[in-house]
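For reference, query-v8.txt (compact mmCIF, C-alpha atoms):
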```
# COMPACT_ATOMS: atom_id res chain seq x y z
CA MET L 107 0.00 0.00 0.00
CA SER L 108 1.44 3.34 -0.99
CA GLU L 109 1.23 6.55 1.01
CA LYS L 110 -1.48 7.81 -1.35
CA GLU L 111 -3.52 4.63 -0.89
CA TYR L 112 -3.11 4.91 2.87
CA ASN L 113 -4.44 8.48 2.79
CA GLU L 114 -7.38 7.37 0.65
CA CYS L 115 -8.11 4.59 3.13
CA VAL L 116 -8.12 7.10 6.00
CA THR L 117 -10.40 9.46 4.07
CA LEU L 118 -12.85 6.73 3.04
CA HIS L 119 -13.09 4.70 6.25
CA ALA L 120 -12.28 6.99 9.19
CA ASP L 121 -15.90 7.81 10.00
CA ASN L 122 -17.08 4.20 9.75
CA VAL L 123 -14.30 2.84 11.94
CA TYR L 124 -14.81 5.56 14.53
CA ARG L 125 -18.59 5.02 14.58
CA PHE L 126 -18.13 1.25 15.00
CA ILE L 127 -15.69 1.65 17.89
CA LEU L 128 -17.72 4.43 19.54
CA LYS L 129 -20.90 2.34 19.45
CA ASN L 130 -19.04 -0.44 21.25
CA LEU L 131 -17.07 1.59 23.78
CA ARG L 132 -19.58 4.43 24.30
CA GLN L 133 -16.72 6.77 25.30
CA GLU L 134 -15.52 9.36 22.78
CA GLU L 135 -11.95 9.68 24.08
CA ASP L 136 -11.44 5.93 24.29
CA ALA L 137 -12.85 5.48 20.78
CA ARG L 138 -10.51 8.14 19.39
CA ASP L 139 -7.52 6.46 21.05
CA VAL L 140 -8.44 3.03 19.70
CA VAL L 141 -9.00 4.33 16.17
CA GLN L 142 -5.77 6.32 16.26
CA SER L 143 -3.75 3.28 17.33
CA ALA L 144 -5.45 1.22 14.58
CA TYR L 145 -4.33 3.75 11.98
CA GLU L 146 -0.82 3.73 13.45
CA LYS L 147 -0.64 -0.04 13.07
CA LEU L 148 -1.97 0.20 9.52
CA TRP L 149 0.74 2.77 8.73
CA LYS L 150 3.49 0.60 10.20
CA ASN L 151 2.28 -2.47 8.26
CA ARG L 152 1.24 -0.66 5.05
CA ASP L 153 3.85 -2.45 2.95
CA GLY L 154 2.23 -5.81 3.64
CA VAL L 155 -1.37 -4.66 3.07
CA GLU L 156 -3.07 -4.69 -0.31
CA ALA L 157 -5.01 -1.50 -1.01
CA ALA L 158 -8.08 -3.52 -2.02
CA LYS L 159 -8.16 -5.22 1.39
CA SER L 160 -7.34 -2.14 3.46
CA LYS L 161 -10.90 -1.65 4.79
CA SER L 162 -11.17 -5.20 6.11
CA TYR L 163 -7.63 -5.02 7.51
CA LEU L 164 -8.38 -1.70 9.21
CA PHE L 165 -11.59 -2.97 10.83
CA THR L 166 -9.77 -6.10 11.99
CA ILE L 167 -7.02 -4.03 13.61
CA ALA L 168 -9.55 -1.64 15.18
CA TYR L 169 -11.61 -4.53 16.53
CA HIS L 170 -8.57 -6.14 18.15
CA GLN L 171 -7.42 -2.79 19.56
CA MET L 172 -10.90 -2.34 21.05
CA ILE L 173 -10.81 -5.80 22.64
CA ASP L 174 -7.37 -5.06 24.11
CA HIS L 175 -8.67 -1.76 25.44
CA LEU L 176 -11.70 -3.44 27.05
CA ARG L 177 -9.49 -6.03 28.71
CA LYS L 178 -7.22 -3.31 30.02
CA MET L 179 -10.18 -1.33 31.37
CA LYS L 180 -11.52 -4.40 33.17
CA ARG L 181 -8.19 -4.83 34.94
CA VAL L 182 -7.76 -1.18 35.84
CA ASP L 183 -11.12 0.48 36.32
CA LEU L 184 -10.28 4.09 37.11
CA ARG L 185 -13.23 5.61 35.31
CA ALA L 186 -15.79 7.44 37.42
CA GLU L 187 -19.37 6.29 37.18
CA PHE L 188 -21.27 7.48 34.15
CA ARG L 189 -22.90 10.85 34.67
CA GLU L 190 -26.04 11.78 32.79
CA GLU L 191 -24.50 15.07 31.61
CA ALA L 192 -21.57 13.23 29.98
CA LYS L 193 -23.61 11.88 27.07
CA ILE L 194 -22.05 11.54 23.64
CA SER L 195 -24.54 13.91 22.05
CA ASP L 196 -26.33 16.99 23.28
CA LYS L 197 -29.17 16.41 20.82
CA PRO L 198 -32.41 15.01 22.21
CA VAL L 199 -32.62 11.31 21.54
CA SER L 200 -35.88 9.73 20.47
CA GLN L 201 -37.37 7.14 22.76
CA LEU L 202 -36.95 4.38 20.19
CA LYS L 203 -33.31 5.24 19.57
CA ALA L 204 -32.67 5.31 23.32
CA ALA L 205 -34.37 1.92 23.71
CA LEU L 206 -32.23 0.51 20.89
CA GLU L 207 -29.04 1.84 22.50
CA VAL L 208 -30.03 0.26 25.82
CA ALA L 209 -30.81 -3.02 24.05
CA LEU L 210 -27.41 -2.96 22.28
CA ALA L 211 -25.68 -2.21 25.58
CA ARG L 212 -27.27 -5.33 27.09
CA LEU L 213 -25.52 -7.56 24.53
CA ASN L 214 -22.07 -8.93 25.26
CA ASP L 215 -19.10 -7.43 23.40
CA THR L 216 -19.02 -10.09 20.68
CA GLN L 217 -22.75 -9.92 19.97
CA ARG L 218 -22.76 -6.12 19.89
CA SER L 219 -19.81 -6.09 17.49
CA LEU L 220 -21.51 -8.61 15.21
CA VAL L 221 -24.74 -6.59 15.07
CA LEU L 222 -22.88 -3.35 14.41
CA LEU L 223 -20.66 -4.85 11.71
CA LYS L 224 -23.57 -6.54 9.92
CA ASP L 225 -26.47 -4.14 10.37
CA TYR L 226 -24.72 -0.78 10.71
CA GLU L 227 -21.65 -1.26 8.52
CA GLY L 228 -23.07 -3.78 6.04
CA TYR L 229 -20.28 -6.36 6.07
CA SER L 230 -20.89 -9.86 4.71
CA TYR L 231 -20.76 -12.89 6.99
CA ALA L 232 -17.41 -13.90 5.52
CA GLU L 233 -15.91 -10.43 6.10
CA ILE L 234 -17.19 -10.35 9.68
CA GLY L 235 -15.72 -13.80 10.27
CA GLN L 236 -12.38 -12.58 9.00
CA ILE L 237 -12.47 -9.44 11.16
CA MET L 238 -13.52 -11.24 14.34
CA GLU L 239 -11.65 -14.49 13.66
CA LEU L 240 -14.81 -16.61 13.60
CA THR L 241 -16.10 -19.08 11.05
CA GLU L 242 -18.95 -17.96 8.84
CA SER L 243 -21.24 -20.44 10.63
CA GLN L 244 -20.29 -19.02 14.02
CA VAL L 245 -21.02 -15.51 12.77
CA LYS L 246 -24.49 -16.57 11.61
CA VAL L 247 -25.31 -18.38 14.84
CA TYR L 248 -23.99 -15.65 17.16
CA LEU L 249 -25.70 -12.95 15.11
CA HIS L 250 -28.99 -14.86 15.19
CA ARG L 251 -28.77 -15.19 18.97
CA ALA L 252 -27.93 -11.49 19.35
CA ARG L 253 -30.89 -10.48 17.20
CA LEU L 254 -33.20 -12.71 19.22
CA GLN L 255 -31.97 -11.06 22.40
CA LEU L 256 -32.56 -7.62 20.88
CA LYS L 257 -36.01 -8.63 19.69
CA ASN L 258 -37.02 -10.04 23.07
CA TYR L 259 -35.90 -6.89 24.82
CA LEU L 260 -37.42 -4.45 22.34
CA VAL L 261 -40.83 -6.12 22.03
CA SER L 262 -41.27 -6.17 25.77
CA LEU L 263 -43.76 -3.37 26.34
CA GLU L 264 -42.33 -2.18 29.66
CA ASN L 265 -38.96 -1.45 28.01
CA LEU L 266 -40.52 1.03 25.59
CA ILE L 267 -42.69 2.92 28.05
```

Structure encoded using structure tokens:
Amino acid sequence: MSEKEYNECVTLHADNVYRFILKNLRQEEDARDVVQSAYEKLWKNRDGVEAAKSKSYLFTIAYHQMIDHLRKMKRVDLRAEFREEAKISDKPVSQLKAALEVALARLNDTQRSLVLLKDYEGYSYAEIGQIMELTESQVKVYLHRARLQLKNYLVSLENLI
């Protein structure tokens, strides 16, 4: 991958990678750090990456950086409890969107990543398997279970009121 191709990769995929990581981590600063380190690794390994596969490679790196970050945060939990005024957005959030965010937050890390990669980012099962180091069958099964969990939570009337 040349320097020009690297810059094109950054331009094309920066928003998608950041959105994916932010949806998982739910902390802007942490998401920025993870995405930045993913781009650093891509830069260091650019000679071994084909430009055509840069998006998949970038998401794979970002996913693994996010998992490492989550493991680190579990070991050293210095973060203060979440305050209501520290939301990601100042815009009013619709009730349905808020319910969906709560439902996504109830999923485990793997399930949430699968749903976000498939339904938000539009990756194929094979691409998701490559990113998350799962077989295509595992992706389908885990995604099905995650969607069932989301459905059960969202159709429960008391969760939407």

Report as CSV: every residue of stretch 127-241 of chain L with an atom at most 12 Å from stretch 250-258 of chain L, its closest pair of atoms, and their distance in Å to one decimal, counting all atoms listed in the file, with rows sorted by chain and ascending residue number.
```
residue,atom,partner,partner_atom,distance
L:Ala205,CA,L:Leu256,CA,10.1
L:Leu206,CA,L:Leu256,CA,8.1
L:Glu207,CA,L:Leu256,CA,10.2
L:Val208,CA,L:Leu256,CA,9.6
L:Ala209,CA,L:Leu256,CA,5.9
L:Leu210,CA,L:Leu256,CA,7.1
L:Ala211,CA,L:Leu256,CA,9.9
L:Arg212,CA,L:Leu256,CA,8.5
L:Leu213,CA,L:Ala252,CA,6.9
L:Asn214,CA,L:Ala252,CA,8.7
L:Asp215,CA,L:Ala252,CA,10.5
L:Thr216,CA,L:Ala252,CA,9.1
L:Gln217,CA,L:Ala252,CA,5.4
L:Arg218,CA,L:Ala252,CA,7.5
L:Ser219,CA,L:Ala252,CA,9.9
L:Leu220,CA,L:Ala252,CA,8.2
L:Val221,CA,L:Ala252,CA,7.2
L:Leu222,CA,L:Ala252,CA,10.8
L:Lys224,CA,L:Arg253,CA,11.1
L:Asp225,CA,L:Arg253,CA,10.3
L:Tyr231,CA,L:His250,CA,11.8
```

Can you write out the residues you just picked, keeping C-alpha atoms, as a PDB file, in the frame of the given file?
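Final output, saved to again32.pdb:
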```pdb
ATOM      1  CA  ALA L 205     -34.370   1.920  23.710  1.00  0.00           C
ATOM      2  CA  LEU L 206     -32.230   0.510  20.890  1.00  0.00           C
ATOM      3  CA  GLU L 207     -29.040   1.840  22.500  1.00  0.00           C
ATOM      4  CA  VAL L 208     -30.030   0.260  25.820  1.00  0.00           C
ATOM      5  CA  ALA L 209     -30.810  -3.020  24.050  1.00  0.00           C
ATOM      6  CA  LEU L 210     -27.410  -2.960  22.280  1.00  0.00           C
ATOM      7  CA  ALA L 211     -25.680  -2.210  25.580  1.00  0.00           C
ATOM      8  CA  ARG L 212     -27.270  -5.330  27.090  1.00  0.00           C
ATOM      9  CA  LEU L 213     -25.520  -7.560  24.530  1.00  0.00           C
ATOM     10  CA  ASN L 214     -22.070  -8.930  25.260  1.00  0.00           C
ATOM     11  CA  ASP L 215     -19.100  -7.430  23.400  1.00  0.00           C
ATOM     12  CA  THR L 216     -19.020 -10.090  20.680  1.00  0.00           C
ATOM     13  CA  GLN L 217     -22.750  -9.920  19.970  1.00  0.00           C
ATOM     14  CA  ARG L 218     -22.760  -6.120  19.890  1.00  0.00           C
ATOM     15  CA  SER L 219     -19.810  -6.090  17.490  1.00  0.00           C
ATOM     16  CA  LEU L 220     -21.510  -8.610  15.210  1.00  0.00           C
ATOM     17  CA  VAL L 221     -24.740  -6.590  15.070  1.00  0.00           C
ATOM     18  CA  LEU L 222     -22.880  -3.350  14.410  1.00  0.00           C
ATOM     19  CA  LYS L 224     -23.570  -6.540   9.920  1.00  0.00           C
ATOM     20  CA  ASP L 225     -26.470  -4.140  10.370  1.00  0.00           C
ATOM     21  CA  TYR L 231     -20.760 -12.890   6.990  1.00  0.00           C
TER      22      TYR L 231
END
```

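Summary of the local environment: counting all atoms listed in the file, residues at most 8 Å from stretch 238-244 of chain L, other than itself and those fewer than 5 positions away along its chain, are L:Thr166, L:Tyr169, L:Tyr231, L:Ala232.
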
Would you output that residue set with C-alpha atoms, as a PDB file, in the frame of the given file?
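Printed below is selection-v3.pdb as written:
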```pdb
ATOM      1  CA  THR L 166      -9.770  -6.100  11.990  1.00  0.00           C
ATOM      2  CA  TYR L 169     -11.610  -4.530  16.530  1.00  0.00           C
ATOM      3  CA  TYR L 231     -20.760 -12.890   6.990  1.00  0.00           C
ATOM      4  CA  ALA L 232     -17.410 -13.900   5.520  1.00  0.00           C
TER       5      ALA L 232
END
```

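Minimum atom-to-atom distances from L:Tyr226, L:Met107, L:His175, L:Gln201 to L:Gly154 were compared using all atoms listed in the file, and the lowest value belongs to L:Met107.
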
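For the pair atom CA of L:Leu249 and atom CA of L:Tyr229, the separation is 12.4 Å.
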
Self-check item: Expected residue set, 8 Å radius at (-7.3, 7.2, 9.0), only C-alpha atoms, as a PyMOL selection string
Solution: chain L and resi 112-113+115-117+119-120+141-142+145

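Comparing the minimum interatomic distances between L:Ala158 and each of L:Arg125, L:Gln171, L:Ser108, L:Asp139, counting all atoms listed in the file, we find that L:Ser108 sits nearest.
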
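Across the model, the gap from atom CA of L:Leu164 to atom CA of L:Ala144 is 6.8 Å.
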
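Distance-wise, atom CA of L:Gln133 and atom CA of L:Arg177 end up 15.1 Å apart.
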
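With all atoms listed in the file as the atoms that count, the residue of L:Leu148, L:Val245, L:Ala157, L:Leu128 with the shortest distance to L:Met172 is L:Leu128.
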
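Distance check against L:Val140 using all atoms listed in the file: of L:Leu118, L:Asp153, L:Ile173, L:Tyr163, the minimum falls on L:Ile173.
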